[in-house]
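Q: Structure supplied as run-v1.cif; contents: mmCIF, N, CA and C atoms.
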data_input
#
loop_
_atom_site.label_atom_id
_atom_site.label_comp_id
_atom_site.auth_asym_id
_atom_site.auth_seq_id
_atom_site.Cartn_x
_atom_site.Cartn_y
_atom_site.Cartn_z
N MET K 44 99.92 129.35 88.92
CA MET K 44 101.04 128.46 88.72
C MET K 44 102.23 129.29 88.23
N ILE K 45 103.37 129.02 88.86
CA ILE K 45 104.60 129.72 88.51
C ILE K 45 105.50 128.74 87.76
N LYS K 46 106.13 129.20 86.69
CA LYS K 46 107.08 128.38 85.95
C LYS K 46 108.46 128.99 86.13
N ALA K 47 109.45 128.12 86.37
CA ALA K 47 110.82 128.60 86.55
C ALA K 47 111.79 127.55 86.05
N GLY K 48 112.87 128.00 85.46
CA GLY K 48 113.92 127.09 85.00
C GLY K 48 114.68 126.51 86.18
N ILE K 49 115.45 125.47 85.92
CA ILE K 49 116.20 124.79 86.97
C ILE K 49 117.17 125.75 87.67
N LYS K 50 117.95 126.48 86.89
CA LYS K 50 118.94 127.40 87.47
C LYS K 50 118.25 128.49 88.28
N GLU K 51 117.18 129.04 87.73
CA GLU K 51 116.42 130.08 88.43
C GLU K 51 115.86 129.55 89.75
N THR K 52 115.35 128.32 89.73
CA THR K 52 114.80 127.71 90.93
C THR K 52 115.91 127.50 91.97
N LYS K 53 117.04 126.99 91.51
CA LYS K 53 118.17 126.75 92.42
C LYS K 53 118.63 128.05 93.07
N ASN K 54 118.73 129.10 92.28
CA ASN K 54 119.22 130.37 92.80
C ASN K 54 118.23 131.09 93.70
N ASN K 55 116.93 130.79 93.56
CA ASN K 55 115.90 131.49 94.33
C ASN K 55 114.94 130.53 95.02
N LEU K 56 115.46 129.41 95.49
CA LEU K 56 114.60 128.38 96.07
C LEU K 56 113.76 128.91 97.23
N SER K 57 114.36 129.69 98.11
CA SER K 57 113.61 130.21 99.25
C SER K 57 112.40 131.02 98.80
N ARG K 58 112.59 131.83 97.78
CA ARG K 58 111.49 132.65 97.27
C ARG K 58 110.37 131.78 96.71
N TYR K 59 110.73 130.73 95.96
CA TYR K 59 109.72 129.85 95.39
C TYR K 59 109.01 129.04 96.47
N LEU K 60 109.75 128.63 97.50
CA LEU K 60 109.12 127.90 98.60
C LEU K 60 108.14 128.79 99.35
N MET K 61 108.41 130.07 99.41
CA MET K 61 107.47 131.01 100.02
C MET K 61 106.14 131.01 99.25
N HIS K 62 106.22 130.98 97.92
CA HIS K 62 105.02 130.91 97.09
C HIS K 62 104.29 129.59 97.31
N VAL K 63 105.06 128.50 97.42
CA VAL K 63 104.44 127.19 97.63
C VAL K 63 103.72 127.16 98.98
N LYS K 64 104.34 127.71 100.01
CA LYS K 64 103.70 127.76 101.32
C LYS K 64 102.41 128.54 101.28
N ALA K 65 102.34 129.52 100.39
CA ALA K 65 101.13 130.33 100.24
C ALA K 65 100.07 129.62 99.40
N GLY K 66 100.38 128.41 98.92
CA GLY K 66 99.38 127.63 98.18
C GLY K 66 99.57 127.60 96.67
N GLU K 67 100.60 128.29 96.18
CA GLU K 67 100.83 128.27 94.73
C GLU K 67 101.61 127.03 94.33
N GLU K 68 101.56 126.70 93.07
CA GLU K 68 102.28 125.56 92.52
C GLU K 68 103.44 126.10 91.68
N VAL K 69 104.62 125.48 91.81
CA VAL K 69 105.77 125.89 91.02
C VAL K 69 106.15 124.74 90.09
N VAL K 70 106.18 125.02 88.80
CA VAL K 70 106.58 124.03 87.80
C VAL K 70 108.01 124.35 87.39
N ILE K 71 108.89 123.37 87.54
CA ILE K 71 110.29 123.56 87.18
C ILE K 71 110.49 123.04 85.76
N THR K 72 111.12 123.87 84.94
CA THR K 72 111.30 123.51 83.54
C THR K 72 112.77 123.37 83.18
N GLU K 73 113.00 122.57 82.15
CA GLU K 73 114.34 122.43 81.58
C GLU K 73 114.20 122.69 80.09
N ARG K 74 114.83 123.75 79.64
CA ARG K 74 114.71 124.17 78.25
C ARG K 74 113.25 124.35 77.84
N GLY K 75 112.45 124.91 78.76
CA GLY K 75 111.06 125.22 78.47
C GLY K 75 110.08 124.07 78.66
N LYS K 76 110.58 122.87 78.95
CA LYS K 76 109.70 121.72 79.14
C LYS K 76 109.59 121.39 80.62
N PRO K 77 108.39 121.16 81.12
CA PRO K 77 108.21 120.83 82.54
C PRO K 77 108.89 119.52 82.90
N VAL K 78 109.62 119.52 84.03
CA VAL K 78 110.28 118.31 84.51
C VAL K 78 109.89 117.96 85.94
N ALA K 79 109.41 118.92 86.70
CA ALA K 79 109.03 118.66 88.09
C ALA K 79 108.02 119.70 88.54
N ARG K 80 107.37 119.37 89.66
CA ARG K 80 106.37 120.27 90.20
C ARG K 80 106.55 120.32 91.71
N ILE K 81 106.51 121.50 92.29
CA ILE K 81 106.59 121.65 93.74
C ILE K 81 105.20 122.10 94.21
N ILE K 82 104.64 121.29 95.11
CA ILE K 82 103.33 121.64 95.67
C ILE K 82 103.44 121.61 97.19
N ARG K 83 102.49 122.27 97.84
CA ARG K 83 102.50 122.35 99.29
C ARG K 83 102.15 120.99 99.89
N GLU K 84 102.89 120.61 100.89
CA GLU K 84 102.62 119.37 101.63
C GLU K 84 101.54 119.68 102.66
N GLU K 85 100.52 118.87 102.67
CA GLU K 85 99.44 119.07 103.63
C GLU K 85 99.91 118.62 105.02
N PRO K 86 99.50 119.35 106.05
CA PRO K 86 99.87 118.92 107.41
C PRO K 86 99.33 117.53 107.69
N GLY K 87 100.12 116.74 108.40
CA GLY K 87 99.69 115.37 108.70
C GLY K 87 99.74 114.46 107.49
N GLY K 88 100.57 114.85 106.50
CA GLY K 88 100.70 114.06 105.28
C GLY K 88 101.24 112.66 105.58
N ARG K 89 100.94 111.74 104.71
CA ARG K 89 101.37 110.36 104.90
C ARG K 89 102.82 110.17 104.45
N SER K 90 103.48 109.21 105.07
CA SER K 90 104.86 108.91 104.68
C SER K 90 104.85 108.14 103.36
N ILE K 91 105.99 108.08 102.72
CA ILE K 91 106.09 107.37 101.44
C ILE K 91 105.79 105.89 101.63
N ARG K 92 106.16 105.33 102.78
CA ARG K 92 105.85 103.92 103.05
C ARG K 92 104.33 103.70 103.13
N GLU K 93 103.62 104.63 103.75
CA GLU K 93 102.16 104.50 103.85
C GLU K 93 101.52 104.59 102.46
N ILE K 94 102.04 105.45 101.63
CA ILE K 94 101.49 105.62 100.29
C ILE K 94 101.74 104.38 99.43
N LEU K 95 102.94 103.79 99.57
CA LEU K 95 103.30 102.64 98.76
C LEU K 95 102.80 101.31 99.32
N ALA K 96 102.31 101.28 100.55
CA ALA K 96 101.86 100.05 101.19
C ALA K 96 100.83 99.26 100.36
N PRO K 97 99.82 99.90 99.77
CA PRO K 97 98.85 99.13 98.97
C PRO K 97 99.51 98.43 97.77
N LEU K 98 100.49 99.06 97.16
CA LEU K 98 101.19 98.43 96.04
C LEU K 98 101.98 97.22 96.51
N ALA K 99 102.62 97.34 97.67
CA ALA K 99 103.38 96.23 98.23
C ALA K 99 102.44 95.09 98.62
N LYS K 100 101.29 95.44 99.16
CA LYS K 100 100.32 94.43 99.59
C LYS K 100 99.83 93.59 98.41
N HIS K 101 99.69 94.21 97.25
CA HIS K 101 99.22 93.51 96.06
C HIS K 101 100.37 92.92 95.23
N GLY K 102 101.60 93.00 95.76
CA GLY K 102 102.74 92.40 95.09
C GLY K 102 103.27 93.16 93.90
N ARG K 103 102.88 94.42 93.76
CA ARG K 103 103.36 95.22 92.62
C ARG K 103 104.77 95.75 92.84
N ILE K 104 105.12 96.00 94.11
CA ILE K 104 106.47 96.46 94.44
C ILE K 104 106.93 95.74 95.70
N VAL K 105 108.22 95.81 95.96
CA VAL K 105 108.79 95.27 97.20
C VAL K 105 109.49 96.42 97.91
N LEU K 106 109.04 96.71 99.12
CA LEU K 106 109.65 97.79 99.89
C LEU K 106 110.97 97.30 100.49
N PRO K 107 111.95 98.20 100.63
CA PRO K 107 113.23 97.80 101.22
C PRO K 107 113.04 97.36 102.67
N THR K 108 113.84 96.40 103.08
CA THR K 108 113.73 95.90 104.45
C THR K 108 114.79 96.49 105.37
N ARG K 109 115.80 97.13 104.79
CA ARG K 109 116.85 97.74 105.60
C ARG K 109 117.32 99.02 104.94
N LYS K 110 118.01 99.86 105.72
CA LYS K 110 118.56 101.10 105.19
C LYS K 110 119.78 100.82 104.33
N ILE K 111 120.01 101.65 103.35
CA ILE K 111 121.21 101.54 102.53
C ILE K 111 122.35 102.22 103.28
N GLU K 112 123.41 101.51 103.44
CA GLU K 112 124.59 102.07 104.10
C GLU K 112 125.47 102.70 103.04
N ARG K 113 125.44 103.99 102.95
CA ARG K 113 126.16 104.70 101.90
C ARG K 113 127.66 104.48 101.96
N LYS K 114 128.18 104.21 103.14
CA LYS K 114 129.63 104.00 103.28
C LYS K 114 130.06 102.72 102.58
N ARG K 115 129.16 101.77 102.46
CA ARG K 115 129.51 100.49 101.87
C ARG K 115 129.34 100.46 100.35
N LEU K 116 128.77 101.51 99.78
CA LEU K 116 128.58 101.54 98.34
C LEU K 116 129.91 101.79 97.64
N THR K 117 130.14 101.07 96.56
CA THR K 117 131.35 101.28 95.77
C THR K 117 130.93 101.60 94.34
N PRO K 118 131.59 102.55 93.71
CA PRO K 118 131.23 102.90 92.35
C PRO K 118 131.47 101.73 91.40
N ALA K 119 130.60 101.58 90.44
CA ALA K 119 130.77 100.52 89.43
C ALA K 119 131.84 100.95 88.44
N LYS K 120 132.71 100.04 88.09
CA LYS K 120 133.76 100.33 87.10
C LYS K 120 133.25 99.86 85.74
N VAL K 121 133.15 100.81 84.83
CA VAL K 121 132.63 100.52 83.50
C VAL K 121 133.64 101.02 82.48
N SER K 122 133.87 100.20 81.46
CA SER K 122 134.81 100.63 80.43
C SER K 122 134.14 101.64 79.51
N GLY K 123 134.94 102.39 78.81
CA GLY K 123 134.40 103.38 77.88
C GLY K 123 134.48 104.78 78.47
N LYS K 124 133.89 105.72 77.74
CA LYS K 124 133.95 107.10 78.19
C LYS K 124 132.91 107.37 79.28
N PRO K 125 133.13 108.42 80.07
CA PRO K 125 132.20 108.76 81.15
C PRO K 125 130.81 109.12 80.61
N VAL K 126 129.80 108.85 81.40
CA VAL K 126 128.42 109.15 81.02
C VAL K 126 128.26 110.65 80.77
N SER K 127 128.96 111.47 81.55
CA SER K 127 128.85 112.92 81.38
C SER K 127 129.24 113.35 79.97
N GLU K 128 130.28 112.72 79.41
CA GLU K 128 130.69 113.04 78.03
C GLU K 128 129.60 112.63 77.03
N THR K 129 129.01 111.48 77.25
CA THR K 129 127.95 111.00 76.36
C THR K 129 126.76 111.95 76.40
N ILE K 130 126.42 112.42 77.57
CA ILE K 130 125.29 113.36 77.70
C ILE K 130 125.59 114.67 76.97
N ILE K 131 126.81 115.18 77.14
CA ILE K 131 127.20 116.43 76.47
C ILE K 131 127.13 116.25 74.95
N GLU K 132 127.62 115.12 74.45
CA GLU K 132 127.56 114.86 73.00
C GLU K 132 126.11 114.77 72.53
N ASP K 133 125.27 114.15 73.32
CA ASP K 133 123.87 113.97 72.96
C ASP K 133 123.12 115.30 72.89
N ARG K 134 123.56 116.25 73.68
CA ARG K 134 122.90 117.56 73.73
C ARG K 134 123.28 118.46 72.55
N ARG K 135 124.32 118.09 71.83
CA ARG K 135 124.77 118.91 70.69
C ARG K 135 123.91 118.74 69.50
#
Take the structure from the file and write it as structure tokens.
A:
Amino acid sequence: MIKAGIKETKNNLSRYLMHVKAGEEVVITERGKPVARIIREEPGGRSIREILAPLAKHGRIVLPTRKIERKRLTPAKVSGKPVSETIIEDRR
């Protein structure tokens, strides 16, 4: 298992994907804490809809019935300071 920070992973993604293709697992960390894992996709893997179908069948989730049209999305207008400022303050 390989551990790499977010910036390191971003800067060397091709190299890490080479390791993943070879069967290794890459754990992506943020400030030393694991946040994501990259593993090799098996050939003939199932789609996300196939994986989620049993949950939908039992009423645990509802799958979307149409594609989201990104052109029609409009940003929400919220009063107050931007979320980015709040995050920066929280990190201090």
Q: For the file shown, report as a ChimeraX atom specification the outcome of the PyMOL selection byres ((chain K and resi 72-87) around 6) at residue level.
A: /K:46-49,63-64,67-71,88-89
Q: What is the atom N of K:Tyr59 to atom C of K:Ile45 distance in Å?
A: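 Pair atom N of K:Tyr59 / atom C of K:Ile45 returns 9.9 Å.
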Q: Any idea what the distance is between atom C of K:Ile131 and atom N of K:Pro118?
A: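 Computed distance, atom C of K:Ile131 to atom N of K:Pro118, equals 23.7 Å.
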